[in-house]
file start-v8.cif (mmCIF, N, CA and C atoms)
data_model
loop_
_atom_site.label_atom_id
_atom_site.label_comp_id
_atom_site.auth_asym_id
_atom_site.auth_seq_id
_atom_site.Cartn_x
_atom_site.Cartn_y
_atom_site.Cartn_z
N MET A 1 -29.74 -14.49 7.15
CA MET A 1 -29.34 -13.13 6.85
C MET A 1 -30.52 -12.46 6.13
N SER A 2 -30.82 -11.25 6.55
CA SER A 2 -31.97 -10.55 5.95
C SER A 2 -31.66 -10.09 4.54
N ARG A 3 -32.73 -9.86 3.81
CA ARG A 3 -32.58 -9.40 2.42
C ARG A 3 -31.87 -8.06 2.36
N ARG A 4 -32.12 -7.17 3.30
CA ARG A 4 -31.49 -5.84 3.34
C ARG A 4 -29.97 -5.97 3.51
N ILE A 5 -29.54 -6.86 4.39
CA ILE A 5 -28.10 -7.07 4.62
C ILE A 5 -27.45 -7.68 3.38
N ARG A 6 -28.10 -8.68 2.77
CA ARG A 6 -27.55 -9.29 1.55
C ARG A 6 -27.41 -8.26 0.43
N THR A 7 -28.42 -7.41 0.29
CA THR A 7 -28.37 -6.37 -0.75
C THR A 7 -27.23 -5.39 -0.48
N GLY A 8 -27.07 -5.00 0.78
CA GLY A 8 -25.98 -4.08 1.14
C GLY A 8 -24.61 -4.68 0.86
N LEU A 9 -24.43 -5.94 1.22
CA LEU A 9 -23.16 -6.62 0.96
C LEU A 9 -22.89 -6.73 -0.53
N ALA A 10 -23.92 -7.08 -1.30
CA ALA A 10 -23.76 -7.20 -2.75
C ALA A 10 -23.35 -5.86 -3.36
N LEU A 11 -23.96 -4.78 -2.91
CA LEU A 11 -23.60 -3.45 -3.43
C LEU A 11 -22.17 -3.07 -3.05
N ALA A 12 -21.75 -3.42 -1.86
CA ALA A 12 -20.37 -3.13 -1.44
C ALA A 12 -19.37 -3.88 -2.29
N VAL A 13 -19.66 -5.14 -2.60
CA VAL A 13 -18.77 -5.94 -3.44
C VAL A 13 -18.71 -5.36 -4.85
N ILE A 14 -19.85 -5.00 -5.41
CA ILE A 14 -19.89 -4.41 -6.75
C ILE A 14 -19.11 -3.11 -6.79
N ALA A 15 -19.27 -2.25 -5.79
CA ALA A 15 -18.54 -0.97 -5.75
C ALA A 15 -17.04 -1.21 -5.68
N THR A 16 -16.61 -2.18 -4.88
CA THR A 16 -15.18 -2.48 -4.76
C THR A 16 -14.62 -2.96 -6.09
N VAL A 17 -15.34 -3.86 -6.75
CA VAL A 17 -14.88 -4.38 -8.05
C VAL A 17 -14.80 -3.26 -9.07
N LEU A 18 -15.79 -2.38 -9.11
CA LEU A 18 -15.78 -1.27 -10.06
C LEU A 18 -14.61 -0.33 -9.80
N LEU A 19 -14.32 -0.03 -8.54
CA LEU A 19 -13.17 0.82 -8.22
C LEU A 19 -11.88 0.17 -8.69
N MET A 20 -11.75 -1.12 -8.49
CA MET A 20 -10.54 -1.81 -8.92
C MET A 20 -10.42 -1.83 -10.43
N MET A 21 -11.51 -1.99 -11.13
CA MET A 21 -11.48 -2.05 -12.58
C MET A 21 -11.18 -0.69 -13.20
N THR A 22 -11.62 0.40 -12.58
CA THR A 22 -11.41 1.72 -13.14
C THR A 22 -10.08 2.31 -12.73
N GLY A 23 -9.38 1.66 -11.80
CA GLY A 23 -8.09 2.16 -11.37
C GLY A 23 -8.19 3.35 -10.44
N THR A 24 -9.35 3.63 -9.90
CA THR A 24 -9.48 4.78 -9.02
C THR A 24 -9.29 4.41 -7.56
N ALA A 25 -9.15 3.14 -7.26
CA ALA A 25 -8.85 2.74 -5.89
C ALA A 25 -7.42 3.18 -5.58
N GLN A 26 -7.21 3.71 -4.40
CA GLN A 26 -5.88 4.20 -4.04
C GLN A 26 -4.92 3.04 -3.83
N ALA A 27 -3.75 3.15 -4.42
CA ALA A 27 -2.74 2.11 -4.30
C ALA A 27 -2.16 2.10 -2.89
N VAL A 28 -1.80 0.93 -2.43
CA VAL A 28 -1.17 0.79 -1.13
C VAL A 28 0.30 1.15 -1.27
N VAL A 29 0.80 1.99 -0.39
CA VAL A 29 2.21 2.37 -0.43
C VAL A 29 3.02 1.32 0.30
N ALA A 30 3.93 0.68 -0.41
CA ALA A 30 4.75 -0.37 0.16
C ALA A 30 5.96 0.21 0.88
N ALA A 31 6.45 1.36 0.44
CA ALA A 31 7.63 1.97 1.06
C ALA A 31 7.54 3.48 0.91
N THR A 32 7.99 4.18 1.92
CA THR A 32 8.08 5.64 1.86
C THR A 32 9.55 6.03 1.97
N ILE A 33 9.99 6.85 1.02
CA ILE A 33 11.37 7.35 1.01
C ILE A 33 11.29 8.84 1.27
N ARG A 34 11.96 9.30 2.31
CA ARG A 34 11.91 10.71 2.68
C ARG A 34 13.19 11.42 2.26
N GLY A 35 13.01 12.61 1.67
CA GLY A 35 14.13 13.45 1.32
C GLY A 35 14.33 14.48 2.41
N SER A 36 15.47 14.41 3.09
CA SER A 36 15.74 15.31 4.19
C SER A 36 17.17 15.82 4.07
N GLY A 37 17.32 17.14 4.01
CA GLY A 37 18.66 17.69 3.83
C GLY A 37 19.22 17.29 2.49
N THR A 38 20.27 16.46 2.50
CA THR A 38 20.88 16.00 1.25
C THR A 38 20.93 14.48 1.17
N THR A 39 19.95 13.82 1.82
CA THR A 39 19.93 12.36 1.86
C THR A 39 18.52 11.82 1.70
N TRP A 40 18.39 10.69 0.99
CA TRP A 40 17.15 9.93 0.99
C TRP A 40 17.18 8.97 2.17
N HIS A 41 16.05 8.80 2.83
CA HIS A 41 15.94 7.87 3.97
C HIS A 41 14.77 6.95 3.72
N PRO A 42 14.92 5.66 3.54
CA PRO A 42 16.18 4.95 3.32
C PRO A 42 16.67 5.16 1.89
N THR A 43 17.90 4.78 1.65
CA THR A 43 18.45 4.95 0.30
C THR A 43 18.09 3.79 -0.62
N HIS A 44 17.77 2.63 -0.03
CA HIS A 44 17.40 1.44 -0.81
C HIS A 44 16.14 0.82 -0.20
N VAL A 45 15.19 0.47 -1.05
CA VAL A 45 14.00 -0.26 -0.59
C VAL A 45 13.77 -1.45 -1.52
N THR A 46 13.15 -2.48 -0.98
CA THR A 46 12.77 -3.66 -1.76
C THR A 46 11.26 -3.83 -1.64
N ILE A 47 10.61 -3.95 -2.78
CA ILE A 47 9.16 -4.13 -2.82
C ILE A 47 8.83 -5.25 -3.80
N ASN A 48 7.58 -5.66 -3.82
CA ASN A 48 7.10 -6.64 -4.80
C ASN A 48 6.54 -5.91 -6.02
N ALA A 49 6.60 -6.55 -7.17
CA ALA A 49 6.01 -5.98 -8.38
C ALA A 49 4.53 -5.66 -8.12
N GLY A 50 4.11 -4.50 -8.58
CA GLY A 50 2.74 -4.04 -8.38
C GLY A 50 2.57 -3.16 -7.17
N GLN A 51 3.62 -3.03 -6.35
CA GLN A 51 3.54 -2.17 -5.18
C GLN A 51 4.00 -0.75 -5.51
N THR A 52 3.69 0.16 -4.61
CA THR A 52 3.92 1.58 -4.83
C THR A 52 4.94 2.12 -3.84
N VAL A 53 5.79 3.01 -4.33
CA VAL A 53 6.74 3.74 -3.48
C VAL A 53 6.29 5.18 -3.41
N LYS A 54 6.42 5.77 -2.24
CA LYS A 54 6.09 7.18 -2.04
C LYS A 54 7.37 7.92 -1.64
N TRP A 55 7.67 8.98 -2.37
CA TRP A 55 8.76 9.87 -2.02
C TRP A 55 8.15 11.10 -1.36
N LYS A 56 8.75 11.57 -0.28
CA LYS A 56 8.23 12.75 0.41
C LYS A 56 9.39 13.66 0.79
N ALA A 57 9.24 14.95 0.45
CA ALA A 57 10.24 15.95 0.83
C ALA A 57 9.91 16.42 2.24
N THR A 58 10.71 16.00 3.21
CA THR A 58 10.43 16.35 4.60
C THR A 58 11.29 17.51 5.08
N ASN A 59 12.31 17.86 4.33
CA ASN A 59 13.18 18.97 4.71
C ASN A 59 13.87 19.48 3.45
N GLY A 60 13.36 20.55 2.89
CA GLY A 60 13.94 21.13 1.68
C GLY A 60 13.23 20.67 0.42
N ASN A 61 13.68 21.20 -0.71
CA ASN A 61 13.14 20.85 -2.02
C ASN A 61 14.07 19.83 -2.68
N HIS A 62 13.47 18.85 -3.35
CA HIS A 62 14.24 17.78 -3.97
C HIS A 62 13.62 17.39 -5.30
N THR A 63 14.38 16.70 -6.11
CA THR A 63 13.84 16.11 -7.33
C THR A 63 14.02 14.60 -7.25
N ILE A 64 13.18 13.90 -7.97
CA ILE A 64 13.32 12.46 -8.14
C ILE A 64 13.58 12.28 -9.63
N HIS A 65 14.75 11.84 -9.98
CA HIS A 65 15.11 11.70 -11.39
C HIS A 65 15.70 10.30 -11.61
N SER A 66 15.12 9.55 -12.54
CA SER A 66 15.60 8.20 -12.80
C SER A 66 16.91 8.23 -13.59
N TYR A 67 17.69 7.18 -13.40
CA TYR A 67 18.88 6.99 -14.24
C TYR A 67 19.16 5.50 -14.32
N GLY A 68 19.95 5.11 -15.27
CA GLY A 68 20.29 3.71 -15.46
C GLY A 68 19.59 3.09 -16.65
N GLY A 69 18.66 3.83 -17.28
CA GLY A 69 18.09 3.38 -18.53
C GLY A 69 16.90 2.45 -18.48
N ASN A 70 16.51 1.93 -17.30
CA ASN A 70 15.41 0.97 -17.31
C ASN A 70 14.07 1.55 -16.86
N TRP A 71 14.00 2.86 -16.66
CA TRP A 71 12.71 3.51 -16.37
C TRP A 71 12.84 5.00 -16.59
N SER A 72 11.73 5.66 -16.70
CA SER A 72 11.70 7.10 -16.93
C SER A 72 10.81 7.74 -15.88
N PHE A 73 11.39 8.58 -15.05
CA PHE A 73 10.63 9.21 -13.97
C PHE A 73 11.36 10.48 -13.57
N SER A 74 10.65 11.58 -13.49
CA SER A 74 11.25 12.83 -13.08
C SER A 74 10.18 13.74 -12.49
N HIS A 75 10.36 14.09 -11.24
CA HIS A 75 9.41 14.97 -10.56
C HIS A 75 10.14 15.87 -9.58
N THR A 76 9.58 17.05 -9.34
CA THR A 76 10.10 17.97 -8.34
C THR A 76 9.21 17.91 -7.11
N LEU A 77 9.84 17.82 -5.96
CA LEU A 77 9.13 17.81 -4.69
C LEU A 77 9.48 19.07 -3.91
N ASN A 78 8.50 19.91 -3.69
CA ASN A 78 8.71 21.05 -2.81
C ASN A 78 8.55 20.56 -1.37
N ASN A 79 9.15 21.26 -0.44
CA ASN A 79 9.11 20.88 0.97
C ASN A 79 7.67 20.55 1.40
N GLY A 80 7.48 19.35 1.96
CA GLY A 80 6.17 18.94 2.45
C GLY A 80 5.31 18.21 1.44
N THR A 81 5.74 18.11 0.18
CA THR A 81 4.93 17.44 -0.84
C THR A 81 5.45 16.02 -1.06
N SER A 82 4.64 15.22 -1.74
CA SER A 82 5.03 13.84 -2.01
C SER A 82 4.57 13.42 -3.41
N ARG A 83 5.12 12.31 -3.87
CA ARG A 83 4.79 11.74 -5.18
C ARG A 83 4.90 10.22 -5.06
N THR A 84 4.03 9.50 -5.74
CA THR A 84 4.09 8.05 -5.71
C THR A 84 4.32 7.50 -7.12
N HIS A 85 4.83 6.27 -7.15
CA HIS A 85 5.01 5.56 -8.41
C HIS A 85 4.83 4.07 -8.15
N THR A 86 4.02 3.42 -8.98
CA THR A 86 3.80 1.98 -8.88
C THR A 86 4.75 1.27 -9.83
N PHE A 87 5.49 0.31 -9.29
CA PHE A 87 6.45 -0.46 -10.08
C PHE A 87 5.82 -1.80 -10.44
N ASN A 88 5.54 -1.99 -11.73
CA ASN A 88 4.90 -3.22 -12.19
C ASN A 88 5.88 -4.25 -12.73
N SER A 89 7.11 -3.84 -12.97
CA SER A 89 8.13 -4.75 -13.51
C SER A 89 9.21 -5.00 -12.47
N THR A 90 9.81 -6.18 -12.53
CA THR A 90 10.92 -6.48 -11.62
C THR A 90 12.20 -5.82 -12.12
N GLY A 91 13.12 -5.61 -11.21
CA GLY A 91 14.40 -5.01 -11.55
C GLY A 91 14.84 -4.04 -10.47
N THR A 92 15.95 -3.38 -10.73
CA THR A 92 16.46 -2.36 -9.83
C THR A 92 16.35 -1.02 -10.53
N PHE A 93 15.68 -0.09 -9.89
CA PHE A 93 15.37 1.22 -10.46
C PHE A 93 16.09 2.29 -9.64
N LYS A 94 17.04 2.96 -10.29
CA LYS A 94 17.88 3.94 -9.62
C LYS A 94 17.31 5.35 -9.79
N PHE A 95 17.49 6.19 -8.77
CA PHE A 95 17.03 7.57 -8.83
C PHE A 95 17.97 8.46 -8.03
N PHE A 96 17.93 9.75 -8.33
CA PHE A 96 18.73 10.71 -7.58
C PHE A 96 18.05 12.07 -7.59
N CYS A 97 18.49 12.93 -6.69
CA CYS A 97 18.03 14.31 -6.63
C CYS A 97 19.00 15.15 -7.45
N THR A 98 18.50 15.82 -8.48
CA THR A 98 19.38 16.62 -9.34
C THR A 98 19.90 17.86 -8.63
N ILE A 99 19.30 18.24 -7.51
CA ILE A 99 19.77 19.39 -6.73
C ILE A 99 20.94 18.98 -5.83
N HIS A 100 20.86 17.78 -5.26
CA HIS A 100 21.84 17.35 -4.26
C HIS A 100 22.64 16.11 -4.67
N GLY A 101 22.61 15.76 -5.93
CA GLY A 101 23.36 14.61 -6.41
C GLY A 101 23.68 14.75 -7.88
N SER A 102 24.48 13.83 -8.38
CA SER A 102 24.81 13.86 -9.81
C SER A 102 25.20 12.46 -10.26
N VAL A 103 25.09 12.25 -11.56
CA VAL A 103 25.47 10.97 -12.15
C VAL A 103 26.50 11.25 -13.22
N SER A 104 27.62 10.52 -13.15
CA SER A 104 28.67 10.63 -14.14
C SER A 104 29.18 9.24 -14.47
N GLY A 105 29.11 8.88 -15.74
CA GLY A 105 29.57 7.56 -16.16
C GLY A 105 28.77 6.43 -15.52
N GLY A 106 27.51 6.69 -15.21
CA GLY A 106 26.65 5.66 -14.61
C GLY A 106 26.77 5.54 -13.10
N THR A 107 27.68 6.34 -12.51
CA THR A 107 27.87 6.31 -11.06
C THR A 107 27.25 7.55 -10.44
N CYS A 108 26.45 7.33 -9.41
CA CYS A 108 25.76 8.42 -8.73
C CYS A 108 26.51 8.81 -7.46
N THR A 109 26.65 10.10 -7.22
CA THR A 109 27.20 10.61 -5.99
C THR A 109 26.20 11.59 -5.38
N GLY A 110 26.21 11.68 -4.08
CA GLY A 110 25.30 12.59 -3.40
C GLY A 110 24.00 11.90 -3.04
N MET A 111 22.89 12.56 -3.31
CA MET A 111 21.56 12.10 -2.90
C MET A 111 21.01 11.08 -3.91
N CYS A 112 21.37 9.79 -3.70
CA CYS A 112 21.04 8.72 -4.63
C CYS A 112 20.25 7.63 -3.92
N GLY A 113 19.49 6.85 -4.68
CA GLY A 113 18.75 5.76 -4.10
C GLY A 113 18.37 4.71 -5.12
N LYS A 114 17.83 3.58 -4.63
CA LYS A 114 17.42 2.49 -5.50
C LYS A 114 16.14 1.85 -4.98
N VAL A 115 15.30 1.44 -5.91
CA VAL A 115 14.13 0.63 -5.60
C VAL A 115 14.36 -0.73 -6.25
N HIS A 116 14.41 -1.78 -5.44
CA HIS A 116 14.57 -3.12 -5.98
C HIS A 116 13.21 -3.80 -5.95
N VAL A 117 12.75 -4.23 -7.13
CA VAL A 117 11.41 -4.83 -7.26
C VAL A 117 11.57 -6.32 -7.57
N THR A 118 10.96 -7.13 -6.72
CA THR A 118 11.07 -8.59 -6.90
C THR A 118 9.79 -9.18 -7.48
#

call {"tool": "encode", "arguments": {"input": "start-v8.cif", "output": "structure tokens"}}
result
Amino acid sequence: MSRRIRTGLALAVIATVLLMMTGTAQAVVAATIRGSGTTWHPTHVTINAGQTVKWKATNGNHTIHSYGGNWSFSHTLNNGTSRTHTFNSTGTFKFFCTIHGSVSGGTCTGMCGKVHVT
């Protein structure tokens, strides 16, 4: 292998390590949840700890609001926009759209969903 190729490979490895260390490398999306009408599609996803979920408003405006006490997350999605969240802890993380759903006594009705992290 020529010196030029070895140098190029070494620089590529160093750049990759630096991106990973600074957190600027883009996270891989393990699951995409689409908000359409008054429903999340799918309503439940299972991912591994450290993976990322992407919510996307494909039809209408929606919110992503956590409930159940084990995480804090709240964002508004205008039609065509998306938001991601990386789940580093295991558990079941519940969310709903405050426009098209509601939670009463810990029970969600309407536009509700769950992320199960193993």

call {"tool": "residues_around", "arguments": {"input": "start-v8.cif", "residues": "region 107-115 of chain A", "least_positions_apart": "2", "cutoff": "5 Å", "atoms": "all atoms listed in the file", "output": "ChimeraX atom specification"}}
result
/A:38,43-45,92-97,100-105,117

call {"tool": "resolve_selection", "arguments": {"input": "start-v8.cif", "expression": "the PyMOL selection byres ((chain A and resi 35) around 6.5)", "output": "PDB file with N, CA and C atoms, keeping the file's coordinate frame"}}
result
ATOM      1  N   ILE A  33       9.990   6.850   1.020  1.00  0.00           N
ATOM      2  CA  ILE A  33      11.370   7.350   1.010  1.00  0.00           C
ATOM      3  C   ILE A  33      11.290   8.840   1.270  1.00  0.00           C
ATOM      4  N   ARG A  34      11.960   9.300   2.310  1.00  0.00           N
ATOM      5  CA  ARG A  34      11.910  10.710   2.680  1.00  0.00           C
ATOM      6  C   ARG A  34      13.190  11.420   2.260  1.00  0.00           C
ATOM      7  N   SER A  36      15.470  14.410   3.090  1.00  0.00           N
ATOM      8  CA  SER A  36      15.740  15.310   4.190  1.00  0.00           C
ATOM      9  C   SER A  36      17.170  15.820   4.070  1.00  0.00           C
ATOM     10  N   GLY A  37      17.320  17.140   4.010  1.00  0.00           N
ATOM     11  CA  GLY A  37      18.660  17.690   3.830  1.00  0.00           C
ATOM     12  C   GLY A  37      19.220  17.290   2.490  1.00  0.00           C
ATOM     13  N   THR A  38      20.270  16.460   2.500  1.00  0.00           N
ATOM     14  CA  THR A  38      20.880  16.000   1.250  1.00  0.00           C
ATOM     15  C   THR A  38      20.930  14.480   1.170  1.00  0.00           C
ATOM     16  N   THR A  39      19.950  13.820   1.820  1.00  0.00           N
ATOM     17  CA  THR A  39      19.930  12.360   1.860  1.00  0.00           C
ATOM     18  C   THR A  39      18.520  11.820   1.700  1.00  0.00           C
ATOM     19  N   TRP A  40      18.390  10.690   0.990  1.00  0.00           N
ATOM     20  CA  TRP A  40      17.150   9.930   0.990  1.00  0.00           C
ATOM     21  C   TRP A  40      17.180   8.970   2.170  1.00  0.00           C
ATOM     22  N   HIS A  41      16.050   8.800   2.830  1.00  0.00           N
ATOM     23  CA  HIS A  41      15.940   7.870   3.970  1.00  0.00           C
ATOM     24  C   HIS A  41      14.770   6.950   3.720  1.00  0.00           C
ATOM     25  N   TRP A  55       7.670   8.980  -2.370  1.00  0.00           N
ATOM     26  CA  TRP A  55       8.760   9.870  -2.020  1.00  0.00           C
ATOM     27  C   TRP A  55       8.150  11.100  -1.360  1.00  0.00           C
ATOM     28  N   LYS A  56       8.750  11.570  -0.280  1.00  0.00           N
ATOM     29  CA  LYS A  56       8.230  12.750   0.410  1.00  0.00           C
ATOM     30  C   LYS A  56       9.390  13.660   0.790  1.00  0.00           C
ATOM     31  N   ALA A  57       9.240  14.950   0.450  1.00  0.00           N
ATOM     32  CA  ALA A  57      10.240  15.950   0.830  1.00  0.00           C
ATOM     33  C   ALA A  57       9.910  16.420   2.240  1.00  0.00           C
ATOM     34  N   THR A  58      10.710  16.000   3.210  1.00  0.00           N
ATOM     35  CA  THR A  58      10.430  16.350   4.600  1.00  0.00           C
ATOM     36  C   THR A  58      11.290  17.510   5.080  1.00  0.00           C
ATOM     37  N   ASN A  59      12.310  17.860   4.330  1.00  0.00           N
ATOM     38  CA  ASN A  59      13.180  18.970   4.710  1.00  0.00           C
ATOM     39  C   ASN A  59      13.870  19.480   3.450  1.00  0.00           C
ATOM     40  N   GLY A  60      13.360  20.550   2.890  1.00  0.00           N
ATOM     41  CA  GLY A  60      13.940  21.130   1.680  1.00  0.00           C
ATOM     42  C   GLY A  60      13.230  20.670   0.420  1.00  0.00           C
TER      43      GLY A  60
END

call {"tool": "closest_residue", "arguments": {"input": "start-v8.cif", "among": "A:Ser74, A:Thr86, A:Thr98, A:Ser66", "to": "Ala49 (chain A)", "atoms": "only C-alpha atoms"}}
result
A:Thr86

call {"tool": "atom_distance", "arguments": {"input": "start-v8.cif", "atom1": "atom N of His116 (chain A)", "atom2": "CA of Thr46 (chain A)"}}
result
4.4 Å

call {"tool": "resolve_selection", "arguments": {"input": "start-v8.cif", "expression": "the PyMOL selection byres ((chain A and resi 82) around 6.5)", "output": "PyMOL selection string"}}
result
chain A and resi 54-57+77-78+80-81+83-84

call {"tool": "closest_residue", "arguments": {"input": "start-v8.cif", "among": "A:Ala30, A:Ile99, A:Asn70, A:Gly106", "to": "Gly50 (chain A)", "atoms": "only N, CA and C atoms"}}
result
A:Ala30

call {"tool": "atom_distance", "arguments": {"input": "start-v8.cif", "atom1": "CA of Phe73 (chain A)", "atom2": "CA of Asn61 (chain A)"}}
result
16.9 Å

call {"tool": "select_by_dssp", "arguments": {"input": "start-v8.cif", "residues": "region 24-117 of chain A", "states": "strand (DSSP E)", "output": "JSON, numbers by chain"}}
result
{"A": [29, 30, 31, 32, 33, 34, 35, 36, 39, 40, 41, 44, 45, 46, 47, 51, 52, 53, 54, 55, 56, 57, 58, 59, 62, 63, 64, 65, 66, 67, 74, 75, 76, 77, 82, 83, 84, 85, 86, 87, 91, 92, 93, 94, 95, 96, 97, 98, 99, 100, 101, 102, 103, 104, 107, 108, 109, 110, 111, 112, 113, 114, 115, 116, 117]}

call {"tool": "closest_residue", "arguments": {"input": "start-v8.cif", "among": "A:Ile47, A:Ile64, A:Val29, A:Val53", "to": "Gly91 (chain A)", "atoms": "only C-alpha atoms"}}
result
A:Ile47

call {"tool": "atom_distance", "arguments": {"input": "start-v8.cif", "atom1": "atom N of Thr32 (chain A)", "atom2": "atom N of Trp71 (chain A)"}}
result
19.6 Å

call {"tool": "decode", "arguments": {"input": "start-v8.cif", "residues": "region 37-103 of chain A", "atoms": "C-alpha atoms", "output": "PDB file, in the first residue's frame"}}
result
ATOM      1  CA  GLY A  37     -54.631  12.915  10.568  1.00  0.00           C
ATOM      2  CA  THR A  38     -55.320  11.882  14.158  1.00  0.00           C
ATOM      3  CA  THR A  39     -53.077   8.803  14.392  1.00  0.00           C
ATOM      4  CA  TRP A  40     -49.411   7.945  14.901  1.00  0.00           C
ATOM      5  CA  HIS A  41     -48.124   5.302  12.467  1.00  0.00           C
ATOM      6  CA  PRO A  42     -46.963   3.014  14.015  1.00  0.00           C
ATOM      7  CA  THR A  43     -48.318   3.582  17.498  1.00  0.00           C
ATOM      8  CA  HIS A  44     -45.669   1.379  19.172  1.00  0.00           C
ATOM      9  CA  VAL A  45     -42.007   0.872  18.273  1.00  0.00           C
ATOM     10  CA  THR A  46     -39.240  -1.157  19.893  1.00  0.00           C
ATOM     11  CA  ILE A  47     -35.632  -0.010  19.672  1.00  0.00           C
ATOM     12  CA  ASN A  48     -32.337  -0.690  21.434  1.00  0.00           C
ATOM     13  CA  ALA A  49     -30.881   1.719  23.993  1.00  0.00           C
ATOM     14  CA  GLY A  50     -28.817   4.368  22.224  1.00  0.00           C
ATOM     15  CA  GLN A  51     -30.996   4.376  19.116  1.00  0.00           C
ATOM     16  CA  THR A  52     -32.992   7.311  17.803  1.00  0.00           C
ATOM     17  CA  VAL A  53     -36.675   7.727  16.975  1.00  0.00           C
ATOM     18  CA  LYS A  54     -37.864  10.254  14.416  1.00  0.00           C
ATOM     19  CA  TRP A  55     -41.357  11.730  14.536  1.00  0.00           C
ATOM     20  CA  LYS A  56     -42.621  13.326  11.326  1.00  0.00           C
ATOM     21  CA  ALA A  57     -45.833  15.269  10.702  1.00  0.00           C
ATOM     22  CA  THR A  58     -46.982  13.961   7.331  1.00  0.00           C
ATOM     23  CA  ASN A  59     -50.529  15.308   7.425  1.00  0.00           C
ATOM     24  CA  GLY A  60     -51.458  18.194   9.711  1.00  0.00           C
ATOM     25  CA  ASN A  61     -49.843  19.764  12.770  1.00  0.00           C
ATOM     26  CA  HIS A  62     -49.097  17.628  15.822  1.00  0.00           C
ATOM     27  CA  THR A  63     -47.317  17.742  19.151  1.00  0.00           C
ATOM     28  CA  ILE A  64     -45.151  15.125  20.792  1.00  0.00           C
ATOM     29  CA  HIS A  65     -45.702  15.295  24.531  1.00  0.00           C
ATOM     30  CA  SER A  66     -44.362  12.751  27.015  1.00  0.00           C
ATOM     31  CA  TYR A  67     -46.426  11.325  29.839  1.00  0.00           C
ATOM     32  CA  GLY A  68     -46.026   8.607  32.426  1.00  0.00           C
ATOM     33  CA  GLY A  69     -43.290  10.289  34.439  1.00  0.00           C
ATOM     34  CA  ASN A  70     -40.175   8.535  33.139  1.00  0.00           C
ATOM     35  CA  TRP A  71     -39.070  11.134  30.560  1.00  0.00           C
ATOM     36  CA  SER A  72     -39.577  14.747  29.586  1.00  0.00           C
ATOM     37  CA  PHE A  73     -40.154  15.627  25.952  1.00  0.00           C
ATOM     38  CA  SER A  74     -42.422  18.153  24.280  1.00  0.00           C
ATOM     39  CA  HIS A  75     -42.238  19.488  20.741  1.00  0.00           C
ATOM     40  CA  THR A  76     -44.588  20.898  18.121  1.00  0.00           C
ATOM     41  CA  LEU A  77     -44.449  19.521  14.598  1.00  0.00           C
ATOM     42  CA  ASN A  78     -45.853  21.617  11.804  1.00  0.00           C
ATOM     43  CA  ASN A  79     -46.939  19.760   8.669  1.00  0.00           C
ATOM     44  CA  GLY A  80     -43.855  18.376   6.899  1.00  0.00           C
ATOM     45  CA  THR A  81     -41.426  18.865   9.806  1.00  0.00           C
ATOM     46  CA  SER A  82     -39.742  16.254  11.979  1.00  0.00           C
ATOM     47  CA  ARG A  83     -37.963  15.867  15.319  1.00  0.00           C
ATOM     48  CA  THR A  84     -35.674  13.157  16.665  1.00  0.00           C
ATOM     49  CA  HIS A  85     -34.861  11.881  20.135  1.00  0.00           C
ATOM     50  CA  THR A  86     -32.187   9.397  21.201  1.00  0.00           C
ATOM     51  CA  PHE A  87     -33.230   7.007  23.962  1.00  0.00           C
ATOM     52  CA  ASN A  88     -30.253   6.016  26.111  1.00  0.00           C
ATOM     53  CA  SER A  89     -32.171   4.277  28.901  1.00  0.00           C
ATOM     54  CA  THR A  90     -34.296   1.153  28.777  1.00  0.00           C
ATOM     55  CA  GLY A  91     -38.000   1.314  29.520  1.00  0.00           C
ATOM     56  CA  THR A  92     -41.306   2.225  27.936  1.00  0.00           C
ATOM     57  CA  PHE A  93     -41.719   5.871  27.007  1.00  0.00           C
ATOM     58  CA  LYS A  94     -45.258   7.081  26.336  1.00  0.00           C
ATOM     59  CA  PHE A  95     -46.205  10.106  24.234  1.00  0.00           C
ATOM     60  CA  PHE A  96     -49.293  11.746  22.782  1.00  0.00           C
ATOM     61  CA  CYS A  97     -50.396  14.632  20.595  1.00  0.00           C
ATOM     62  CA  THR A  98     -51.976  17.330  22.762  1.00  0.00           C
ATOM     63  CA  ILE A  99     -54.053  18.475  19.758  1.00  0.00           C
ATOM     64  CA  HIS A 100     -55.543  15.056  18.948  1.00  0.00           C
ATOM     65  CA  GLY A 101     -55.268  13.159  22.237  1.00  0.00           C
ATOM     66  CA  SER A 102     -55.505  13.508  25.979  1.00  0.00           C
ATOM     67  CA  VAL A 103     -54.360  11.825  29.163  1.00  0.00           C
TER      68      VAL A 103
END
